[in-house]
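A.B. asks: Structure incoming, see below.
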Amino acid sequence: MSGTTIISAKNLNLWYHEKHALQDISMEIEKKKTTALIGPSGCGKSTLLRCFNRMNDLISHVKITGDLRLDNEDMLCDSMDVVSLRKRVGMVFQRPNPFPKSVYENVAYGPRVHGINDKKELDAIVEKSLKRAALWEEARDRLNASALGLSGGQQQRLCIARTLAVEPEVILMDEPCSALDPIATAKIENLIDMLKEEYTVIIVTHNMQQAARVSDYTGFMYLGKLIEYDRTTNIFEHPKEDLTENYITGRFG
Amino acid sequence: MTDKFHTELKDLKKSVSEMARFAFSMLQDSQVAFINQDDALATTVIDRKDQLREMTVTLEETCYQLIALNQPMAKDMRTIVCSLKVIAASERIGRYGKSTAKIVKEIAGKPHIANMMSLPLMSEYVLTMIDDAITAYETENKMILDGFSARDDAVDALRQSIFRESITHMMENPKTITQATFYIIIARYLERCGDHACKIAENVLYMETGERVEIK
């Protein structure tokens, strides 16, 4: 890694009951770059992603060991305020999940939870977030309409706007395009490209071409292990590990 | 990316190697025609031009389709990229064969001068380089390509020596000017074919290792 590290994992292990789901993961995520995690189903990539904002805390019988740091701050210690951690590390899920509220309220929700109630300030945040999520032009005239009336792609961009509204440093995306059509997918991919000017993006995807298109770094995971982690161009042009080669050329998975 | 894709990729390599061998035979036959002043053989080389073009276009189309439909990665991607370069280099080699054949027809009936200088030796060097480069592509054996730079240097040196020798003959006896000029041109074609062999070699190395190595 040449730039500044924002998240670093060292010997990270995770168990669901007896299942050793993450095994000795060590990696550094570079600031303001996009990192993609790829690998076959069940390899642990979503689990690893969920470690980065401690979403695994919500699952019972999970045990985590090792070291995980955000800006050199221990993320796993008990004193870490999970609410503020999730403000700094936002997440976008596979299926767009807007609240059954207006477009405006969806974006204003987070800032309100964090204590912002001034209407003008909220208006500004909503506009700025929708603009950053490339949704402003399509949604400016329907801010008070239900978010559920938006198309799937628009809903997903709304979810991204909702994440951006609380000014995160890192945005985690778990298969953000798998429920979208190719045009909506292209819009999200362009958006990811713009987002990395200000944010660090970590994306889990099954679509290898997507990983190749959007990311600067790619990690290939298999059976809970991080097999190879390198610049995306190296991974897709000439990976060092045979396992990576076999996976990305479709020989297994 | 399915098994179907890998079967198609294998078929592509086989067809590209057949095309490369076809182009090789055009150059090889043009050299034989030149040495033996065989007008009929030269004609067959010229006649193969259209087939060469047809093979080139068909195979390039196949490559484009494989890329568009399968979005290949890693070695699969490098194999297709390498194949495209092999097709382009082979087409050039075949066309130099055709150009040489045209010269053979041009100088038909005129005896060779200076025992053809080092042209037969040079053509042997170049043909072996092309043969090795194609074999490396077919067998994915990069060891065959060891020492390619030195072999290319030897070819360059031969071209230089043919050039000087031709100039000397022209100065001594202006009646040799036409013949000697064609010798210089053929030497130039052979030198270019040697360069194309090096390009194929470079791309086979890229296909095999993912690394870019310059052979010069």
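Letters A, B, ... mark the chains of the structure tokens in the order given; residue numbers begin at 1 per chain; ligand numbers begin at 1, in order shown.
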Given only C-alpha atoms, how would the per-residue table for chain B near chain A read, listing every residue at most 9 Å away with its closest atom pair and distance in Å to one decimal, sorted by chain and number, as JSON lines?
C.D. replies:
{"residue": "B:Met1", "atom": "CA", "partner": "A:Gly250", "partner_atom": "CA", "distance": 5.2}
{"residue": "B:Thr2", "atom": "CA", "partner": "A:Gly250", "partner_atom": "CA", "distance": 6.4}
{"residue": "B:Asp3", "atom": "CA", "partner": "A:Arg251", "partner_atom": "CA", "distance": 7.8}
{"residue": "B:His6", "atom": "CA", "partner": "A:Arg251", "partner_atom": "CA", "distance": 9.0}
{"residue": "B:Gln71", "atom": "CA", "partner": "A:Gln209", "partner_atom": "CA", "distance": 7.3}
{"residue": "B:Pro72", "atom": "CA", "partner": "A:Thr249", "partner_atom": "CA", "distance": 6.7}
{"residue": "B:Met73", "atom": "CA", "partner": "A:Phe236", "partner_atom": "CA", "distance": 5.5}
{"residue": "B:Ala74", "atom": "CA", "partner": "A:Glu237", "partner_atom": "CA", "distance": 4.4}
{"residue": "B:Lys75", "atom": "CA", "partner": "A:His238", "partner_atom": "CA", "distance": 6.9}
{"residue": "B:Asp76", "atom": "CA", "partner": "A:Thr249", "partner_atom": "CA", "distance": 6.5}
{"residue": "B:Met77", "atom": "CA", "partner": "A:Glu237", "partner_atom": "CA", "distance": 7.4}
{"residue": "B:Arg78", "atom": "CA", "partner": "A:Glu237", "partner_atom": "CA", "distance": 7.3}
{"residue": "B:Thr209", "atom": "CA", "partner": "A:His238", "partner_atom": "CA", "distance": 7.3}
{"residue": "B:Gly210", "atom": "CA", "partner": "A:His238", "partner_atom": "CA", "distance": 5.1}
{"residue": "B:Glu211", "atom": "CA", "partner": "A:His238", "partner_atom": "CA", "distance": 8.1}
A.B. asks: For A:Lys101, list every protein, DNA or RNA residue within 7 Å, evaluated using only C-alpha atoms, and leave out those in the same chain fewer than 5 positions away; present the list as a list in words.
C.D. replies: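 With the cut-off at 7 Å, the set is Asn106, Ser146 and Ala147 of chain A.
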A.B. asks: Write the residues of the preceding selection, restricted to C-alpha atoms, as an mmCIF file, in the first residue's frame.
C.D. replies:
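That gives us part.cif:
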data_model
loop_
_atom_site.group_PDB
_atom_site.id
_atom_site.type_symbol
_atom_site.label_atom_id
_atom_site.label_comp_id
_atom_site.auth_asym_id
_atom_site.auth_seq_id
_atom_site.Cartn_x
_atom_site.Cartn_y
_atom_site.Cartn_z
ATOM 1 C CA ASN A 106 -34.874 8.922 4.568
ATOM 2 C CA SER A 146 -42.583 8.048 -0.618
ATOM 3 C CA ALA A 147 -39.156 6.560 -1.148
#
A.B. asks: Could you name the residues that touch B:Arg188 at 10 Å or less, counting only C-alpha atoms, but leaving out those on the same chain fewer than 5 positions away, as a tab-separated table (two decimals) with N, CA and C atoms, in the first residue's frame?
C.D. replies:
chain	number	residue	atom	x	y	z
B	96	TYR	N	5.04	-10.32	-46.06
B	96	TYR	CA	6.44	-10.16	-46.50
B	96	TYR	C	6.82	-11.31	-47.43
B	156	ASP	N	20.06	-8.74	-37.40
B	156	ASP	CA	20.33	-7.32	-37.73
B	156	ASP	C	21.72	-7.18	-38.35
B	159	ARG	N	21.71	-8.28	-41.93
B	159	ARG	CA	21.09	-7.29	-42.82
B	159	ARG	C	22.10	-6.19	-43.14
B	160	GLN	N	22.80	-5.74	-42.11
B	160	GLN	CA	23.80	-4.69	-42.27
B	160	GLN	C	24.89	-5.13	-43.26
B	162	ILE	N	24.67	-7.45	-45.58
B	162	ILE	CA	24.13	-7.57	-46.95
B	162	ILE	C	24.02	-6.18	-47.59
B	163	PHE	N	23.64	-5.22	-46.78
B	163	PHE	CA	23.51	-3.85	-47.27
B	163	PHE	C	24.86	-3.34	-47.78
B	182	PHE	N	17.23	-5.25	-54.92
B	182	PHE	CA	16.24	-6.22	-54.46
B	182	PHE	C	16.78	-7.05	-53.30
B	183	TYR	N	18.07	-7.35	-53.31
B	183	TYR	CA	18.67	-8.09	-52.18
B	183	TYR	C	18.52	-7.29	-50.89
B	193	CYS	N	10.65	-9.49	-40.44
B	193	CYS	CA	10.04	-10.76	-40.00
B	193	CYS	C	10.66	-11.24	-38.70
B	194	GLY	N	11.98	-11.03	-38.57
B	194	GLY	CA	12.67	-11.37	-37.31
B	194	GLY	C	12.08	-10.56	-36.16
A.B. asks: Within 10 Å of B:Ile185, counting only C-alpha atoms, which residues show up once you throw out same-chain ones fewer than 6 positions away? Write them as a VMD selection string, please.
C.D. replies: chain B and resid 99 to 100 103 159 163 179 191
A.B. asks: Quick one: pull the distance between atom CA of B:Ala133 and atom CA of B:Lys4, Å, one decimal.
C.D. replies: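 Distance reported for this atom pair: 27.6 Å.
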A.B. asks: Smallest atom-to-atom distance to A:Pro111: which of A:Lys19, A:Arg54, A:Arg162, A:Arg88, using only C-alpha atoms?
C.D. replies: A:Arg162
A.B. asks: Can you tell me how far atom CA of B:Glu54 sits from atom CA of B:Ile67, in Å to one decimal?
C.D. replies: 20.2 Å
A.B. asks: As a PyMOL selection string, please: every residue in stretch 3-213 of chain B that a backbone DSSP assignment puts in alpha helix (DSSP H).
C.D. replies: chain B and resi 3-36+39-47+49-70+74-106+119-139+148-172+177-209
A.B. asks: Pick from A:Gln94, A:Arg157, A:Leu164, A:Ser215: nearest to A:Ser178, with only C-alpha atoms counted?
C.D. replies: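 The shortest atom-to-atom distance to A:Ser178 comes from A:Gln94.
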A.B. asks: If you count only C-alpha atoms, which residues fall within 12 Å of A:Ala211, apart from same-chain ones fewer than 2 positions away, as a CSV table (one decimal) with N, CA and C atoms, in the first residue's frame?
C.D. replies:
chain,number,residue,atom,x,y,z
A,34,THR,N,-11.0,2.5,-3.4
A,34,THR,CA,-12.0,1.5,-3.4
A,34,THR,C,-11.3,0.1,-3.3
A,35,THR,N,-11.8,-0.6,-2.4
A,35,THR,CA,-11.2,-2.0,-2.2
A,35,THR,C,-12.4,-3.0,-2.4
A,36,ALA,N,-12.2,-4.0,-3.3
A,36,ALA,CA,-13.2,-5.0,-3.5
A,36,ALA,C,-12.8,-6.3,-2.8
A,37,LEU,N,-13.8,-7.0,-2.3
A,37,LEU,CA,-13.6,-8.3,-1.8
A,37,LEU,C,-14.3,-9.3,-2.6
A,38,ILE,N,-13.6,-10.3,-3.2
A,38,ILE,CA,-14.3,-11.3,-4.0
A,38,ILE,C,-14.0,-12.7,-3.5
A,39,GLY,N,-14.8,-13.6,-4.0
A,39,GLY,CA,-14.6,-15.0,-3.6
A,39,GLY,C,-15.9,-15.7,-3.7
A,173,MET,N,-20.1,-1.6,1.2
A,173,MET,CA,-21.2,-2.0,0.3
A,173,MET,C,-21.2,-3.5,0.1
A,175,GLU,N,-22.6,-6.2,-2.0
A,175,GLU,CA,-23.3,-6.6,-3.2
A,175,GLU,C,-24.4,-5.5,-3.6
A,176,PRO,N,-23.9,-4.2,-3.7
A,176,PRO,CA,-24.9,-3.2,-3.9
A,176,PRO,C,-25.7,-3.2,-5.2
A,177,CYS,N,-25.2,-4.0,-6.2
A,177,CYS,CA,-25.8,-3.9,-7.5
A,177,CYS,C,-26.5,-5.2,-7.8
A,189,GLU,N,-22.0,2.2,-10.2
A,189,GLU,CA,-20.5,2.1,-10.4
A,189,GLU,C,-19.9,3.4,-10.7
A,192,ILE,N,-19.7,5.1,-7.4
A,192,ILE,CA,-18.6,4.6,-6.5
A,192,ILE,C,-17.3,5.3,-7.0
A,193,ASP,N,-17.1,5.5,-8.3
A,193,ASP,CA,-15.9,6.2,-8.8
A,193,ASP,C,-15.8,7.6,-8.3
A,201,VAL,N,-14.1,3.3,0.1
A,201,VAL,CA,-15.2,2.4,-0.2
A,201,VAL,C,-14.7,1.0,-0.2
A,202,ILE,N,-15.4,0.1,0.5
A,202,ILE,CA,-15.1,-1.3,0.5
A,202,ILE,C,-16.3,-2.0,0.0
A,203,ILE,N,-16.2,-2.8,-1.1
A,203,ILE,CA,-17.3,-3.4,-1.7
A,203,ILE,C,-17.1,-4.9,-1.8
A,204,VAL,N,-18.2,-5.6,-1.5
A,204,VAL,CA,-18.2,-7.1,-1.7
A,204,VAL,C,-19.0,-7.3,-2.9
A,205,THR,N,-18.5,-8.1,-3.8
A,205,THR,CA,-19.2,-8.3,-5.1
A,205,THR,C,-19.0,-9.7,-5.6
A,206,HIS,N,-20.0,-10.3,-6.2
A,206,HIS,CA,-19.8,-11.6,-6.9
A,206,HIS,C,-19.5,-11.4,-8.3
A,207,ASN,N,-19.6,-10.1,-8.8
A,207,ASN,CA,-19.4,-9.8,-10.2
A,207,ASN,C,-18.0,-9.4,-10.3
A,208,MET,N,-17.1,-10.3,-10.9
A,208,MET,CA,-15.7,-10.0,-11.0
A,208,MET,C,-15.4,-8.8,-11.9
A,209,GLN,N,-16.2,-8.7,-13.0
A,209,GLN,CA,-15.9,-7.6,-13.9
A,209,GLN,C,-16.2,-6.3,-13.1
A,213,ARG,N,-13.7,-3.3,-12.5
A,213,ARG,CA,-14.0,-1.9,-13.0
A,213,ARG,C,-13.9,-0.9,-11.9
A,214,VAL,N,-14.4,-1.2,-10.7
A,214,VAL,CA,-14.6,-0.1,-9.7
A,214,VAL,C,-13.4,0.0,-8.7
A,215,SER,N,-12.7,-1.0,-8.5
A,215,SER,CA,-11.8,-1.0,-7.4
A,215,SER,C,-10.3,-0.7,-7.7
A,216,ASP,N,-9.6,-0.2,-6.7
A,216,ASP,CA,-8.2,0.0,-6.8
A,216,ASP,C,-7.4,-1.2,-6.3
A,217,TYR,N,-8.0,-1.8,-5.2
A,217,TYR,CA,-7.4,-3.0,-4.6
A,217,TYR,C,-8.4,-4.1,-4.6
A,218,THR,N,-8.0,-5.3,-4.7
A,218,THR,CA,-8.9,-6.4,-4.6
A,218,THR,C,-8.3,-7.5,-3.7
A,219,GLY,N,-9.2,-8.0,-2.9
A,219,GLY,CA,-8.8,-9.1,-2.0
A,219,GLY,C,-9.6,-10.4,-2.4
A,220,PHE,N,-8.9,-11.5,-2.7
A,220,PHE,CA,-9.6,-12.7,-3.0
A,220,PHE,C,-9.7,-13.6,-1.8
A,231,ARG,N,-3.1,-4.8,-5.9
A,231,ARG,CA,-3.7,-3.9,-6.8
A,231,ARG,C,-4.6,-4.7,-7.7
A,232,THR,N,-5.8,-4.1,-8.0
A,232,THR,CA,-6.8,-4.8,-8.8
A,232,THR,C,-6.2,-5.2,-10.2
A,233,THR,N,-5.4,-4.3,-10.8
A,233,THR,CA,-4.9,-4.6,-12.1
A,233,THR,C,-4.0,-5.9,-12.0
A,235,ILE,N,-4.3,-8.4,-9.8
A,235,ILE,CA,-5.2,-9.5,-9.5
A,235,ILE,C,-5.9,-10.0,-10.8
A,236,PHE,N,-6.3,-9.1,-11.6
A,236,PHE,CA,-7.1,-9.6,-12.8
A,236,PHE,C,-6.2,-9.8,-14.0
A,248,ILE,N,-10.8,-16.6,-10.8
A,248,ILE,CA,-11.2,-15.5,-11.7
A,248,ILE,C,-11.3,-16.0,-13.1
B,73,MET,N,-10.4,-13.1,-17.8
B,73,MET,CA,-9.5,-12.5,-16.8
B,73,MET,C,-8.2,-13.3,-16.8
A.B. asks: What residues in stretch 78-196 of chain A get the DSSP label strand (DSSP E)? Please answer as a ChimeraX atom specification.
C.D. replies: /A:89-92,170-174
A.B. asks: Take the residues from that selection and put them in a file with C-alpha atoms, as a PDB file, in the first residue's frame.
C.D. replies:
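Produced file selection-v7.pdb, reproduced below:
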ATOM      1  CA  VAL A  89     -18.323   3.469   8.790  1.00  0.00           C
ATOM      2  CA  GLY A  90     -21.626   3.437   6.896  1.00  0.00           C
ATOM      3  CA  MET A  91     -23.129   0.499   5.093  1.00  0.00           C
ATOM      4  CA  VAL A  92     -25.195  -0.137   1.965  1.00  0.00           C
ATOM      5  CA  VAL A 170     -15.781   4.624   5.091  1.00  0.00           C
ATOM      6  CA  ILE A 171     -18.691   3.184   3.115  1.00  0.00           C
ATOM      7  CA  LEU A 172     -19.188  -0.567   3.122  1.00  0.00           C
ATOM      8  CA  MET A 173     -21.192  -1.997   0.258  1.00  0.00           C
ATOM      9  CA  ASP A 174     -22.428  -5.562   0.330  1.00  0.00           C
TER      10      ASP A 174
END
A.B. asks: Pick from B:Val32, B:Met170, B:Ile186, B:Ala23: nearest to B:Ala114, with only C-alpha atoms counted?
C.D. replies: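 Closest candidate: B:Met170.
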A.B. asks: Compile the contact shell of B:Ser118 as a list of chain:residue names: residues with an atom at most 7 Å away, counting only C-alpha atoms, same-chain residues fewer than 3 positions apart removed.
C.D. replies: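 Once the nearby chain positions are removed, what remains is B:Leu121, B:Met122, B:Leu158, B:Ile162.
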A.B. asks: Show which residues sit within 10 Å of stretch 124-127 of chain B, as a VMD selection string. Count only C-alpha atoms, and ignore same-chain residues fewer than 4 positions away.
C.D. replies: chain B and resid 24 to 25 27 to 28 31 119 to 120 131 to 133 151 to 152 154 to 155 158 190 to 197
A.B. asks: Restricted to C-alpha atoms, what would the selected residues look like written as a short mmCIF file (atom, residue, chain, number, x, y, z; two decimals), in the first residue's frame?
C.D. replies:
data_model
loop_
_atom_site.label_atom_id
_atom_site.label_comp_id
_atom_site.auth_asym_id
_atom_site.auth_seq_id
_atom_site.Cartn_x
_atom_site.Cartn_y
_atom_site.Cartn_z
CA PHE B 24 5.24 -19.07 -42.05
CA SER B 25 4.93 -21.35 -45.08
CA LEU B 27 7.60 -16.75 -46.15
CA GLN B 28 9.43 -20.08 -46.29
CA GLN B 31 12.67 -17.89 -49.80
CA LEU B 119 20.53 -14.06 -47.82
CA PRO B 120 20.07 -17.87 -47.60
CA ASP B 131 9.21 -21.41 -36.04
CA ASP B 132 10.44 -21.29 -32.43
CA ALA B 133 8.16 -18.37 -31.54
CA ARG B 151 19.38 -14.16 -32.30
CA ASP B 152 17.69 -10.93 -33.34
CA ALA B 154 22.59 -11.71 -35.41
CA VAL B 155 19.79 -11.10 -37.93
CA LEU B 158 23.38 -9.94 -41.37
CA LEU B 190 13.62 -10.69 -43.39
CA GLU B 191 14.81 -8.34 -40.70
CA ARG B 192 11.22 -7.14 -40.18
CA CYS B 193 10.04 -10.76 -40.00
CA GLY B 194 12.67 -11.37 -37.31
CA ASP B 195 11.19 -8.43 -35.41
CA HIS B 196 7.73 -9.95 -35.72
CA ALA B 197 9.10 -13.22 -34.34
#
A.B. asks: With distances taken over only C-alpha atoms, which residue among A:Ser60, A:Thr5, A:Asn190, A:Thr65 lies nearest A:Ile25?
C.D. replies: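 Among A:Ser60, A:Thr5, A:Asn190, A:Thr65, it is A:Thr65 that comes nearest to A:Ile25.
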A.B. asks: Just the number, please: distance in Å from atom CA of A:Asn117 to atom CA of A:Gly153, one decimal.
C.D. replies: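 Spanning atom CA of A:Asn117 to atom CA of A:Gly153 is a straight-line distance of 28.8 Å.
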A.B. asks: Out of B:Arg95, B:Lys199, B:Arg164, B:Lys105, which residue has the shortest atom-to-atom distance to B:Thr43 when counting only C-alpha atoms?
C.D. replies: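 Closest residue, counting only C-alpha atoms: B:Lys105.
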